[in-house]
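Structure data follow from query.tsv (TSV, C-alpha atoms):
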chain	number	residue	atom	x	y	z
A	1	MET	CA	86.38	112.41	88.36
A	2	PRO	CA	89.91	113.80	87.93
A	3	ASN	CA	92.03	112.57	85.04
A	4	THR	CA	94.41	109.96	86.36
A	5	SER	CA	97.91	108.76	85.61
A	6	LEU	CA	98.68	105.17	86.56
A	7	ILE	CA	102.35	104.45	87.26
A	8	PHE	CA	103.73	100.93	87.63
A	9	SER	CA	106.81	101.03	89.82
A	10	GLY	CA	109.78	98.71	89.34
A	11	GLY	CA	110.98	96.28	91.98
A	12	LEU	CA	109.15	93.25	93.30
A	13	ALA	CA	106.14	92.01	91.35
A	14	PRO	CA	102.75	93.10	92.79
A	15	ASN	CA	100.40	90.31	93.81
A	16	ASP	CA	97.14	89.61	92.00
A	17	ALA	CA	95.04	91.55	94.54
A	18	THR	CA	97.12	94.68	93.98
A	19	LEU	CA	96.95	94.26	90.20
A	20	ASN	CA	93.17	93.78	90.34
A	21	ALA	CA	92.88	96.99	92.36
A	22	ALA	CA	94.93	98.76	89.69
A	23	ARG	CA	92.69	97.35	86.95
A	24	ALA	CA	89.63	98.78	88.72
A	25	ILE	CA	90.88	102.38	88.72
A	26	GLN	CA	88.72	104.54	86.50
A	27	ASN	CA	89.40	107.55	84.27
A	28	VAL	CA	92.99	106.53	83.53
A	29	ASN	CA	94.34	108.85	80.86
A	30	LEU	CA	98.02	107.96	81.01
A	31	VAL	CA	99.82	104.69	81.85
A	32	ILE	CA	103.52	104.89	82.68
A	33	ALA	CA	105.91	102.09	83.57
A	34	ALA	CA	108.99	102.92	85.58
A	35	ASP	CA	111.55	100.50	84.13
A	36	SER	CA	110.61	96.92	85.11
A	37	GLY	CA	107.17	98.14	86.19
A	38	LEU	CA	106.41	97.32	82.57
A	39	HIS	CA	106.19	93.64	83.51
A	40	ALA	CA	103.23	94.24	85.86
A	41	ALA	CA	101.40	96.37	83.29
A	42	GLN	CA	101.86	93.67	80.66
A	43	LYS	CA	100.55	91.04	83.06
A	44	LEU	CA	97.34	93.08	83.12
A	45	GLU	CA	97.46	93.28	79.30
A	46	MET	CA	97.31	97.04	79.73
A	47	HIS	CA	98.63	99.37	77.06
A	48	VAL	CA	101.53	101.43	78.39
A	49	ASP	CA	101.96	104.91	76.96
A	50	PHE	CA	105.51	105.50	78.21
A	51	VAL	CA	108.31	103.43	79.73
A	52	ILE	CA	110.75	105.60	81.68
A	53	GLY	CA	114.05	104.61	83.25
A	54	ASP	CA	117.63	103.55	82.73
A	55	PHE	CA	116.32	100.12	81.66
A	56	ASP	CA	118.66	98.23	83.95
A	57	SER	CA	115.94	95.83	85.14
A	58	VAL	CA	113.29	95.65	82.43
A	59	ASP	CA	113.33	92.51	80.31
A	60	ALA	CA	114.48	93.23	76.75
A	61	SER	CA	111.75	91.09	75.19
A	62	ALA	CA	109.09	92.86	77.27
A	63	LEU	CA	110.43	96.19	76.11
A	64	ALA	CA	110.40	95.04	72.50
A	65	ARG	CA	106.76	93.95	72.79
A	66	ALA	CA	105.86	97.33	74.25
A	67	THR	CA	107.58	99.36	71.57
A	68	SER	CA	105.97	97.25	68.85
A	69	ALA	CA	102.62	98.24	70.42
A	70	HIS	CA	103.59	101.93	70.07
A	71	THR	CA	104.74	102.48	73.64
A	72	GLN	CA	107.17	105.38	73.77
A	73	THR	CA	110.42	105.04	75.68
A	74	ILE	CA	112.32	107.65	77.67
A	75	ARG	CA	115.77	106.34	78.52
A	76	HIS	CA	117.97	107.87	81.21
A	77	SER	CA	121.64	107.23	81.82
A	78	ALA	CA	122.35	104.78	84.62
A	79	ASP	CA	124.65	107.46	86.02
A	80	LYS	CA	121.82	109.63	87.36
A	81	ASN	CA	120.89	111.16	90.71
A	82	PHE	CA	117.16	110.37	90.77
A	83	THR	CA	115.06	107.23	90.71
A	84	ASP	CA	113.05	105.95	87.79
A	85	LEU	CA	109.90	106.42	89.86
A	86	GLU	CA	110.69	110.07	90.58
A	87	SER	CA	111.20	110.64	86.87
A	88	ALA	CA	107.85	108.98	86.09
A	89	LEU	CA	106.06	111.09	88.72
A	90	LEU	CA	107.44	114.36	87.38
A	91	PHE	CA	106.65	113.30	83.80
A	92	ALA	CA	103.02	112.70	84.82
A	93	ALA	CA	102.95	116.11	86.51
A	94	ASP	CA	104.19	117.74	83.32
A	95	LYS	CA	101.26	116.12	81.51
A	96	LYS	CA	98.86	118.08	83.77
A	97	THR	CA	97.42	115.03	85.47
A	98	GLU	CA	95.16	115.66	88.46
A	99	ARG	CA	95.64	112.32	90.20
A	100	ILE	CA	98.52	109.85	90.27
A	101	VAL	CA	98.19	106.25	91.46
A	102	ILE	CA	101.40	104.24	91.82
A	103	VAL	CA	101.30	100.44	91.79
A	104	THR	CA	103.95	98.62	93.80
A	105	ALA	CA	104.51	95.42	95.73
A	106	GLY	CA	106.41	97.30	98.43
A	107	GLY	CA	109.30	95.51	100.06
A	108	GLY	CA	112.68	95.10	98.44
A	109	ARG	CA	115.65	97.30	99.32
A	110	LEU	CA	115.04	99.62	102.25
A	111	ASP	CA	116.59	102.65	100.53
A	112	HIS	CA	114.24	102.12	97.60
A	113	GLN	CA	111.26	102.03	99.96
A	114	PHE	CA	112.23	105.30	101.63
A	115	GLY	CA	112.97	106.84	98.25
A	116	PHE	CA	109.56	105.73	96.97
A	117	VAL	CA	107.71	107.55	99.75
A	118	ALA	CA	109.97	110.60	99.55
A	119	ALA	CA	109.27	110.97	95.82
A	120	MET	CA	105.53	111.13	96.52
A	121	PHE	CA	106.14	114.39	98.40
A	122	ASN	CA	108.00	116.23	95.65
A	123	PRO	CA	106.86	119.89	95.85
A	124	LYS	CA	106.07	119.79	92.12
A	125	LEU	CA	103.26	117.33	92.99
A	126	ARG	CA	101.65	119.64	95.56
A	127	GLU	CA	98.50	120.29	93.54
A	128	ILE	CA	98.09	116.64	92.49
A	129	LYS	CA	96.36	113.86	94.42
A	130	VAL	CA	99.16	111.32	94.89
A	131	GLU	CA	98.53	107.82	96.22
A	132	ALA	CA	100.01	104.35	96.00
A	133	LEU	CA	98.73	100.78	96.02
A	134	TRP	CA	101.40	99.27	98.26
A	135	HIS	CA	100.80	95.53	98.59
A	136	THR	CA	97.67	95.35	100.81
A	137	SER	CA	97.86	98.98	101.92
A	138	ARG	CA	97.05	102.29	100.29
A	139	LEU	CA	99.29	105.30	100.83
A	140	PHE	CA	98.34	108.96	100.37
A	141	ALA	CA	100.69	111.93	100.29
A	142	LEU	CA	99.08	115.15	101.50
A	143	GLN	CA	100.83	118.50	101.14
A	144	GLY	CA	98.89	121.12	103.04
A	145	PRO	CA	96.48	122.64	102.65
A	146	ALA	CA	94.82	119.39	101.61
A	147	THR	CA	91.86	117.18	102.48
A	148	LEU	CA	91.45	113.45	101.99
A	149	ASP	CA	88.32	111.30	102.18
A	150	VAL	CA	88.99	107.55	102.46
A	151	THR	CA	86.35	104.85	102.06
A	152	THR	CA	86.88	102.36	104.89
A	153	GLN	CA	85.36	99.55	106.85
A	154	ILE	CA	84.97	99.81	110.60
A	155	GLY	CA	88.10	98.40	112.18
A	156	ASP	CA	90.49	99.33	109.38
A	157	THR	CA	93.82	100.77	110.48
A	158	ILE	CA	94.57	104.37	109.54
A	159	ALA	CA	98.03	105.77	110.29
A	160	LEU	CA	99.12	109.40	110.11
A	161	GLN	CA	102.82	110.28	109.96
A	162	SER	CA	104.32	113.70	109.43
A	163	PHE	CA	106.79	113.74	106.56
A	164	SER	CA	107.99	117.28	107.27
A	165	ASP	CA	109.43	118.85	110.43
A	166	LYS	CA	105.85	119.42	111.56
A	167	SER	CA	102.40	118.95	110.08
A	168	ALA	CA	100.02	121.51	111.57
A	169	LYS	CA	96.29	122.03	111.97
A	170	ILE	CA	95.37	118.40	111.36
A	171	SER	CA	91.72	117.47	111.81
A	172	THR	CA	90.03	114.11	111.35
A	173	THR	CA	86.58	112.51	111.44
A	174	GLY	CA	85.67	108.83	111.55
A	175	LEU	CA	88.61	107.74	113.71
A	176	ARG	CA	88.70	106.31	117.21
A	177	TRP	CA	91.26	108.91	118.28
A	178	GLN	CA	90.25	112.16	116.64
A	179	LEU	CA	92.52	115.12	115.95
A	180	THR	CA	91.18	118.66	115.96
A	181	ASN	CA	93.54	121.38	114.72
A	182	GLU	CA	96.47	119.42	116.14
A	183	SER	CA	100.10	119.09	115.06
A	184	LEU	CA	102.36	116.08	114.50
A	185	ALA	CA	106.14	116.29	114.41
A	186	ASN	CA	108.11	113.94	112.18
A	187	PHE	CA	109.54	112.10	115.20
A	188	GLU	CA	106.15	111.44	116.82
A	189	THR	CA	104.45	108.07	116.55
A	190	ARG	CA	101.07	108.88	118.11
A	191	GLY	CA	99.48	108.87	114.66
A	192	VAL	CA	100.24	105.16	114.24
A	193	SER	CA	97.52	102.50	114.56
A	194	ASN	CA	94.42	104.65	114.63
A	195	ILE	CA	91.16	102.81	113.91
A	196	ALA	CA	88.30	103.65	111.56
A	197	THR	CA	84.93	103.91	113.34
A	198	ALA	CA	82.93	104.78	110.23
A	199	ASN	CA	82.72	103.87	106.57
A	200	GLN	CA	84.43	107.10	105.58
A	201	VAL	CA	87.39	108.79	107.21
A	202	SER	CA	88.22	112.43	106.50
A	203	ILE	CA	91.62	113.95	107.17
A	204	SER	CA	92.72	117.52	106.58
A	205	VAL	CA	96.06	119.25	107.08
A	206	GLU	CA	96.75	122.96	106.67
A	207	LEU	CA	100.55	123.05	106.80
A	208	GLY	CA	103.28	120.51	106.13
A	209	GLN	CA	103.47	117.07	104.57
A	210	LEU	CA	101.38	114.23	105.94
A	211	LEU	CA	101.57	110.55	104.98
A	212	ILE	CA	98.36	108.55	105.37
A	213	ILE	CA	98.43	104.75	105.38
A	214	HIS	CA	95.18	102.79	105.07
A	215	GLN	CA	95.46	99.12	106.04
A	216	PRO	CA	92.20	97.18	105.58
A	217	LYS	CA	91.16	95.02	108.51
A	218	GLY	CA	92.36	91.43	108.31
A	219	ARG	CA	95.03	92.07	105.68
A	220	SER	CA	98.76	92.05	106.28
Could I get this file's structure written as structure tokens?
Amino acid sequence: MPNTSLIFSGGLAPNDATLNAARAIQNVNLVIAADSGLHAAQKLEMHVDFVIGDFDSVDASALARATSAHTQTIRHSADKNFTDLESALLFAADKKTERIVIVTAGGGRLDHQFGFVAAMFNPKLREIKVEALWHTSRLFALQGPATLDVTTQIGDTIALQSFSDKSAKISTTGLRWQLTNESLANFETRGVSNIATANQVSISVELGQLLIIHQPKGRS
């Protein structure tokens, strides 16, 4: 199993199901909280290695508890041109992690949501498996050439959306509407609402950036 960095994003508080999914992740070598993401990590009673951000939303008492438990802090000026999450992602990359899992409730400000997904596709993360627990969904950022295998149940929703001008040579197995060496442009929506027909779905892309969203059946 690849060594894993777990990043708790700031914003709305994740629900218990999302936190339980985070707790179940194995081979976690590094735990990072992006600003108020510290609150979710502390709810899990999980030791946080680093808190990163401008600290405009983290509770001061929560931060004090973390530092007393030997959590290191990296403080940025509030007058910055990047998000706390982006900083946390690049910090994890610098630590030579092989897999990054971000924990978030989703929702909140729309610009933050778009910025969240955009940060997952930073070119410096190209060689890293980047995914997110987003409320009841799971997001994966593929930068080609890349292959993803997703454990599913029949009937789960799998969506594919190009996050570059064009994602090329996409092939899938285990989906109702298969793709074989096909392309998706970033304005196309035909990758939305595909359905898993097997207990494992495989997706590969040779060129471009491809966002995969896995929505388990019966969850919203």
(request) Give me the residues within 8 Å of region 25-34 of chain A as a list in words, counting all atoms listed in the file and dropping any in the same chain fewer than 3 places off. (result)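 Those residues are Met1, Pro2, Asn3, Thr4, Ser5, Leu6, Ile7, Phe8, Ser9, Gly10, Ala21, Ala22, Gly37, Leu38, Ala41, His47, Val48, Asp49, Phe50, Val51, Ile52, Gly53, Asp84, Leu85, Ala88 and Ala92 of chain A.
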(message) I need every residue sitting at most 9 Å from the point (99.3, 108.4, 104.4) (coordinates as in the file, all atoms listed in the file considered), written as a PyMOL selection string.
(response) chain A and resi 131+138-142+158-162+210-214
(message) What's the separation between CA of Leu179 (chain A) and CA of Ala118 (chain A), in Å to one decimal place?
(response) 24.4 Å
(request) Kindly give the distance, in Å, that separates CA of Val150 (chain A) and CA of Ser87 (chain A), rounded to a single decimal. (result)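 About the pair CA of Val150 (chain A) and CA of Ser87 (chain A): they are 27.3 Å apart.
Near (101.4, 110.4, 93.6), the residues that fall inside 8 Å on the basis of only C-alpha atoms are Leu89, Arg99, Ile100, Val101, Ile102, Met120, Phe121, Leu125, Ile128, Lys129, Val130, Glu131, Ala132, Phe140 and Ala141 of chain A.
Note that the spacing between CA of Glu182 (chain A) and CA of Ala168 (chain A) amounts to 6.2 Å.
Distances to Gln143 (chain A) were evaluated for A:Ala196, A:Ile170, A:Leu207, A:Ala119 using all atoms listed in the file, and the minimum falls at A:Leu207.
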Give me, as a Markdown table, the closest atom pair and its distance (Å, one decimal) for every residue of region 79-176 of chain A within a cut-off of 7 Å of region 11-16 of chain A, counting only C-alpha atoms, rows sorted by chain and rising number.
| residue | atom | partner | partner_atom | distance |
| --- | --- | --- | --- | --- |
| A:Thr104 | CA | A:Pro14 | CA | 5.7 |
| A:Ala105 | CA | A:Pro14 | CA | 4.1 |
| A:Gly108 | CA | A:Leu12 | CA | 6.5 |
| A:His135 | CA | A:Pro14 | CA | 6.6 |
Padding 4 Å on each side, edges along x, y and z: where is the centre of the box around the listed atoms of region 53-57 of chain A, and how long are its edges in Å to one decimal? Output it as lines of an AutoDock Vina configuration file.
center_x = 116.4
center_y = 100.2
center_z = 83.4
size_x = 12.6
size_y = 16.8
size_z = 11.5
(request) Go through A:Trp134, A:Asp165, A:Gln42, A:Lys124 and flag the residue nearest Ala17 (chain A), using all atoms listed in the file for the distances. (result)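 Among the listed residues, the smallest separation from Ala17 (chain A) belongs to A:Trp134.
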(message) Counting all atoms listed in the file, which residue out of A:Thr97, A:Ser167, A:Asn186, A:Asn194 sits closest to Gly155 (chain A)?
(response)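 For Gly155 (chain A), the nearest of the given residues is A:Asn194.
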(message) I need the residue nearest Asp59 (chain A) from this list: A:Ala93, A:Asp79, A:Asp35, A:Ile74. Use only C-alpha atoms for the distance.
(response)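 For Asp59 (chain A), the nearest of the candidates is A:Asp35.
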(request) Could you check which of A:Val205, A:Arg219, A:Ser68, A:Arg23 is closest to Thr147 (chain A), using all atoms listed in the file? (result) A:Val205
(message) When you look at Gly174 (chain A) with a cut-off of 10 Å (counting all atoms listed in the file), what residues show up, excluding the ones that are within fewer than 2 positions of it in the same chain? I need them as a PyMOL selection string.
(response) chain A and resi 150+152+154+172+176-178+195-203
